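What follows is a single structure, written as structure tokens, with notes after it.
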Number of protein chains: 2
Amino acid sequence: MLRLSKRVEYGLVALQFLAKRNAVATVREIADESEISYDLLAKIMQDLKRDGMICSHQGVRGGYTLMLAPQEISVTRVVDALENENSITECTSESECCSREAVCTIKGPMHKLQDTMEQVLSSVTIAQLL
Amino acid sequence: MLRLSKRVEYGLVALQFLAKRNAVATVREIADESEISYDLLAKIMQDLKRDGMICSHQGVRGGYTLMLAPQEISVTRVVDALENENSITECTSESECCSREAVCTIKGPMHKLQDTMEQVLSSVTIAQLL
DNA sequence: TAAATATCGGACTTTTTTAGTCCTACATGC
DNA sequence: GCATGTAGGACTAAAAAAGTCCGATATTTA
């Protein structure tokens, strides 16, 4: 469907939230204000942390803060951190092997298309969401 | 996952096939040579026909032929013909209504992103697949 | 140091979407 | 009139995405 997953959507919202606040925020705060499932967002935040975009502080008065400037966080990076696959077709994937590979006649052009798409997604950052 | 559906992938392959042959081809021929499920491709061809990209000829020695020049058929058009939705998020969809609309803070930027994506998909045509 | 408040992370269920199948009807050329 | 093709509805299966539940661990503060 060529759609960004909810994980990515929520991830962008959360990063925007952190960028606006510019201080520690808890998952509970972000989830409540943005009407996102707490459990789901908690997982997403962990993935963003693993990537290094944000850092966490456990315990009372803990939460998350941005590790990078908003203009340094591209949509591509968020997608890569939150989704297993981001290729537009099976034949342009590095991890999957296309079942129709032997007879595939669109591999080349699809690679080009994917590169262009990635450029577009790279050109948009959290700074543009503020 | 930001991925084109198999329907679109197969549609592009079939259109490329018709463009190369430049004559009538049956679903059976395309499906066999491209290793695509016959029944699935048959449905896809019907949708492409409904859109007006191709026309059909029933009966013996029938099949499908292109109605437009390859350079006139963009990927966007194929996507629109074969998928119900093609918005990158719920909030940029015209048919759906975003459940988080009241608190959504990314609608504007997402619309921009979607417009850019559509431009990219519009710039690629079947002619580029030959 | 106990309690409260956070993140951490695995396992699980549910829902939605996509992919694929089956069957019958209808049209057409030889 | 029969072989060969599209037309199209209904259905099933598989895969992916979304969402939930629960217990563990870390840290601050009273």
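Residues are referred to by chain and number: the chain letter is A, B, ... according to the order shown in the structure tokens, the number counts from 1 in that chain, and ligands are numbered separately from 1 in the order shown.
DSSP, applied to the backbone of this structure, assigns strand (DSSP E or B) to the following residues of chain B: Ala25, Ile54, Cys55, Ser56, His57, Gly63, Tyr64, Thr65, Leu66, Ser74 and Thr125 of chain B.
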Between chain B and chain A, at 9 Å or less, what are the per-residue closest atom pairs and their distances in Å? Count only C-alpha atoms, order by chain and rising residue number, and return it as a Markdown table.
| residue | atom | partner | partner_atom | distance |
| --- | --- | --- | --- | --- |
| B:Met1 | CA | A:Asn86 | CA | 5.5 |
| B:Leu2 | CA | A:Leu2 | CA | 4.4 |
| B:Arg3 | CA | A:Ile88 | CA | 4.0 |
| B:Leu4 | CA | A:Ile88 | CA | 5.3 |
| B:Ser5 | CA | A:Met1 | CA | 6.1 |
| B:Lys6 | CA | A:Thr89 | CA | 8.1 |
| B:Glu9 | CA | A:Thr89 | CA | 7.4 |
| B:Leu12 | CA | A:Ile106 | CA | 8.1 |
| B:Val13 | CA | A:Ile106 | CA | 7.0 |
| B:Gln16 | CA | A:Thr105 | CA | 8.5 |
| B:Glu33 | CA | A:Val103 | CA | 7.4 |
| B:Ser34 | CA | A:Val103 | CA | 5.8 |
| B:Glu35 | CA | A:Arg100 | CA | 6.6 |
| B:Ile36 | CA | A:Arg100 | CA | 8.3 |
| B:Val79 | CA | A:Met1 | CA | 8.6 |
| B:Glu83 | CA | A:Met1 | CA | 6.7 |
| B:Asn84 | CA | A:Met1 | CA | 8.0 |
| B:Glu85 | CA | A:Met1 | CA | 6.2 |
| B:Asn86 | CA | A:Met1 | CA | 5.5 |
| B:Ser87 | CA | A:Arg3 | CA | 6.2 |
| B:Ile88 | CA | A:Arg3 | CA | 4.0 |
| B:Thr89 | CA | A:Arg3 | CA | 5.8 |
| B:Glu90 | CA | A:Arg3 | CA | 8.5 |
| B:Arg100 | CA | A:Glu35 | CA | 6.6 |
| B:Val103 | CA | A:Ser34 | CA | 5.8 |
| B:Cys104 | CA | A:Ser34 | CA | 7.2 |
| B:Thr105 | CA | A:Val13 | CA | 7.2 |
| B:Ile106 | CA | A:Leu129 | CA | 6.3 |
| B:Gly108 | CA | A:Leu129 | CA | 8.3 |
| B:Pro109 | CA | A:Leu129 | CA | 6.1 |
| B:Met110 | CA | A:Leu129 | CA | 8.7 |
| B:Leu113 | CA | A:Val124 | CA | 7.8 |
| B:Thr116 | CA | A:Val120 | CA | 7.4 |
| B:Met117 | CA | A:Met117 | CA | 6.9 |
| B:Val120 | CA | A:Met117 | CA | 7.3 |
| B:Leu121 | CA | A:Leu113 | CA | 7.9 |
| B:Val124 | CA | A:Leu113 | CA | 7.8 |
| B:Gln128 | CA | A:Pro109 | CA | 7.0 |
| B:Leu129 | CA | A:Pro109 | CA | 6.1 |
| B:Leu130 | CA | A:Ile106 | CA | 8.6 |
I need the residues from that last selection saved to file as a short mmCIF file (atom, residue, chain, number, x, y, z; two decimals), in the first residue's frame (with C-alpha atoms), if you can.
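Produced file result32.cif, reproduced below:
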data_model
loop_
_atom_site.label_atom_id
_atom_site.label_comp_id
_atom_site.auth_asym_id
_atom_site.auth_seq_id
_atom_site.Cartn_x
_atom_site.Cartn_y
_atom_site.Cartn_z
CA MET B 1 6.86 -1.50 5.18
CA LEU B 2 6.71 1.14 2.46
CA ARG B 3 6.42 -1.55 -0.15
CA LEU B 4 4.63 -1.77 -3.46
CA SER B 5 2.12 -4.63 -3.36
CA LYS B 6 2.53 -7.75 -5.46
CA GLU B 9 4.62 -5.45 -9.12
CA LEU B 12 4.15 -3.50 -14.01
CA VAL B 13 5.60 -6.78 -15.27
CA GLN B 16 6.14 -4.27 -19.66
CA GLU B 33 6.63 -16.63 -18.68
CA SER B 34 6.71 -14.36 -15.65
CA GLU B 35 5.94 -17.04 -13.06
CA ILE B 36 2.90 -15.29 -11.72
CA VAL B 79 -0.70 2.06 -8.30
CA GLU B 83 -4.58 -0.42 -4.93
CA ASN B 84 -7.39 0.92 -2.81
CA GLU B 85 -5.19 3.27 -0.85
CA ASN B 86 -1.92 4.90 -1.71
CA SER B 87 -1.45 7.47 1.02
CA ILE B 88 1.72 7.18 3.08
CA THR B 89 -0.14 7.71 6.36
CA GLU B 90 -3.72 7.61 7.55
CA ARG B 100 -5.77 10.70 16.04
CA VAL B 103 -4.00 15.62 18.33
CA CYS B 104 -2.16 14.98 15.06
CA THR B 105 0.84 17.25 14.71
CA ILE B 106 2.41 15.84 11.58
CA GLY B 108 1.04 19.12 7.12
CA PRO B 109 4.57 17.76 6.67
CA MET B 110 3.21 14.34 5.79
CA LEU B 113 6.13 14.25 1.78
CA THR B 116 6.91 14.51 -3.36
CA MET B 117 6.57 10.74 -3.37
CA VAL B 120 8.67 10.55 -8.06
CA LEU B 121 6.27 7.74 -8.94
CA VAL B 124 8.71 6.73 -13.89
CA GLN B 128 11.68 3.13 -18.46
CA LEU B 129 11.18 -0.57 -17.86
CA LEU B 130 11.99 -1.57 -21.41
#
Q: Select residues of chain B: the criterion is any atom within 8 Å of an atom of chain C, counting only C-alpha atoms (C1' of nucleotides); output as a PyMOL selection string.
A: chain B and resi 5-6+37+39-40+58-61
For the residues selected in the previous step, produce a file with C-alpha atoms as a PDB file, in the first residue's frame.
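Generated file (again_32.pdb):
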ATOM      1  CA  SER B   5       2.123  -4.628  -3.359  1.00  0.00           C
ATOM      2  CA  LYS B   6       2.531  -7.749  -5.456  1.00  0.00           C
ATOM      3  CA  SER B  37      -0.272 -17.009 -10.480  1.00  0.00           C
ATOM      4  CA  ASP B  39      -5.821 -16.376 -11.321  1.00  0.00           C
ATOM      5  CA  LEU B  40      -4.190 -13.469  -9.556  1.00  0.00           C
ATOM      6  CA  GLN B  58     -12.492 -12.161 -25.618  1.00  0.00           C
ATOM      7  CA  GLY B  59     -12.674 -15.552 -27.237  1.00  0.00           C
ATOM      8  CA  VAL B  60     -10.218 -17.583 -29.259  1.00  0.00           C
ATOM      9  CA  ARG B  61      -7.100 -15.640 -30.237  1.00  0.00           C
TER      10      ARG B  61
END
Chain D residues near chain B within 6 Å, closest pair each, using only C-alpha atoms (C1' of nucleotides), as a Markdown table:
| residue | atom | partner | partner_atom | distance |
| --- | --- | --- | --- | --- |
| D:DT4 | C1' | B:Val60 | CA | 4.6 |
| D:DG5 | C1' | B:Gly59 | CA | 4.2 |
| D:DT6 | C1' | B:Gln58 | CA | 5.1 |
If you keep C-alpha atoms (C1' of nucleotides), can you produce a file of those selected residues as a PDB file, in the first residue's frame?
ATOM      1  C1'  DT D   4     -10.098 -20.791 -26.010  1.00  0.00           C
ATOM      2  C1'  DG D   5     -10.195 -16.686 -24.044  1.00  0.00           C
ATOM      3  C1'  DT D   6     -11.854 -12.856 -20.595  1.00  0.00           C
TER       4       DT D   6
END
Q.
Run DSSP on the backbone and tell me which residues of region 3-114 of chain B come out as helix (DSSP H, G or I); list them as an MDAnalysis selection string.
A. chainID B and resid 6:21 27:34 38:51 70:72 75:82 90:92 101:103 107:114
Export of the given selection (C-alpha atoms) as a PDB file, in the first residue's frame:
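Full text of result_26.pdb as output:
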ATOM      1  CA  LYS B   6       2.531  -7.749  -5.456  1.00  0.00           C
ATOM      2  CA  ARG B   7      -0.475  -6.584  -7.436  1.00  0.00           C
ATOM      3  CA  VAL B   8       1.436  -3.489  -8.541  1.00  0.00           C
ATOM      4  CA  GLU B   9       4.625  -5.452  -9.125  1.00  0.00           C
ATOM      5  CA  TYR B  10       2.809  -7.971 -11.313  1.00  0.00           C
ATOM      6  CA  GLY B  11       0.908  -5.203 -13.053  1.00  0.00           C
ATOM      7  CA  LEU B  12       4.154  -3.501 -14.014  1.00  0.00           C
ATOM      8  CA  VAL B  13       5.595  -6.780 -15.274  1.00  0.00           C
ATOM      9  CA  ALA B  14       2.498  -7.444 -17.365  1.00  0.00           C
ATOM     10  CA  LEU B  15       2.467  -3.953 -18.857  1.00  0.00           C
ATOM     11  CA  GLN B  16       6.143  -4.274 -19.658  1.00  0.00           C
ATOM     12  CA  PHE B  17       5.363  -7.589 -21.347  1.00  0.00           C
ATOM     13  CA  LEU B  18       2.633  -6.024 -23.478  1.00  0.00           C
ATOM     14  CA  ALA B  19       4.872  -3.087 -24.386  1.00  0.00           C
ATOM     15  CA  LYS B  20       7.662  -5.398 -25.501  1.00  0.00           C
ATOM     16  CA  ARG B  21       5.410  -7.602 -27.570  1.00  0.00           C
ATOM     17  CA  VAL B  27      -2.996 -13.875 -19.338  1.00  0.00           C
ATOM     18  CA  ARG B  28      -1.767 -17.457 -19.618  1.00  0.00           C
ATOM     19  CA  GLU B  29       1.279 -16.426 -21.637  1.00  0.00           C
ATOM     20  CA  ILE B  30       2.236 -13.598 -19.319  1.00  0.00           C
ATOM     21  CA  ALA B  31       1.610 -15.643 -16.184  1.00  0.00           C
ATOM     22  CA  ASP B  32       3.661 -18.604 -17.409  1.00  0.00           C
ATOM     23  CA  GLU B  33       6.628 -16.627 -18.682  1.00  0.00           C
ATOM     24  CA  SER B  34       6.706 -14.356 -15.647  1.00  0.00           C
ATOM     25  CA  TYR B  38      -2.714 -17.144 -13.378  1.00  0.00           C
ATOM     26  CA  ASP B  39      -5.821 -16.376 -11.321  1.00  0.00           C
ATOM     27  CA  LEU B  40      -4.190 -13.469  -9.556  1.00  0.00           C
ATOM     28  CA  LEU B  41      -2.861 -11.941 -12.755  1.00  0.00           C
ATOM     29  CA  ALA B  42      -6.249 -12.359 -14.436  1.00  0.00           C
ATOM     30  CA  LYS B  43      -7.784 -10.123 -11.775  1.00  0.00           C
ATOM     31  CA  ILE B  44      -5.038  -7.566 -12.137  1.00  0.00           C
ATOM     32  CA  MET B  45      -5.489  -7.399 -15.904  1.00  0.00           C
ATOM     33  CA  GLN B  46      -9.191  -6.738 -15.425  1.00  0.00           C
ATOM     34  CA  ASP B  47      -8.381  -3.793 -13.175  1.00  0.00           C
ATOM     35  CA  LEU B  48      -5.866  -2.409 -15.657  1.00  0.00           C
ATOM     36  CA  LYS B  49      -8.486  -2.718 -18.357  1.00  0.00           C
ATOM     37  CA  ARG B  50     -11.077  -0.890 -16.246  1.00  0.00           C
ATOM     38  CA  ASP B  51      -8.616   1.939 -15.950  1.00  0.00           C
ATOM     39  CA  PRO B  70       4.540   3.027 -22.661  1.00  0.00           C
ATOM     40  CA  GLN B  71       5.759   6.550 -21.855  1.00  0.00           C
ATOM     41  CA  GLU B  72       2.184   7.530 -21.080  1.00  0.00           C
ATOM     42  CA  VAL B  75       3.835   3.964 -11.969  1.00  0.00           C
ATOM     43  CA  THR B  76       1.435   6.264 -10.124  1.00  0.00           C
ATOM     44  CA  ARG B  77      -1.306   5.370 -12.534  1.00  0.00           C
ATOM     45  CA  VAL B  78      -0.677   1.663 -12.071  1.00  0.00           C
ATOM     46  CA  VAL B  79      -0.699   2.063  -8.297  1.00  0.00           C
ATOM     47  CA  ASP B  80      -3.939   4.017  -8.406  1.00  0.00           C
ATOM     48  CA  ALA B  81      -5.541   1.397 -10.633  1.00  0.00           C
ATOM     49  CA  LEU B  82      -4.475  -1.578  -8.533  1.00  0.00           C
ATOM     50  CA  GLU B  90      -3.721   7.611   7.554  1.00  0.00           C
ATOM     51  CA  CYS B  91      -3.754  11.365   8.014  1.00  0.00           C
ATOM     52  CA  THR B  92      -2.916  12.027   4.382  1.00  0.00           C
ATOM     53  CA  GLU B 101      -6.778  13.726  13.998  1.00  0.00           C
ATOM     54  CA  ALA B 102      -7.524  15.992  16.972  1.00  0.00           C
ATOM     55  CA  VAL B 103      -3.999  15.620  18.329  1.00  0.00           C
ATOM     56  CA  LYS B 107      -0.393  16.180   9.045  1.00  0.00           C
ATOM     57  CA  GLY B 108       1.044  19.123   7.119  1.00  0.00           C
ATOM     58  CA  PRO B 109       4.571  17.764   6.667  1.00  0.00           C
ATOM     59  CA  MET B 110       3.206  14.343   5.791  1.00  0.00           C
ATOM     60  CA  HIS B 111       1.121  15.846   3.013  1.00  0.00           C
ATOM     61  CA  LYS B 112       4.221  17.496   1.606  1.00  0.00           C
ATOM     62  CA  LEU B 113       6.133  14.246   1.781  1.00  0.00           C
ATOM     63  CA  GLN B 114       3.330  12.408   0.050  1.00  0.00           C
TER      64      GLN B 114
END
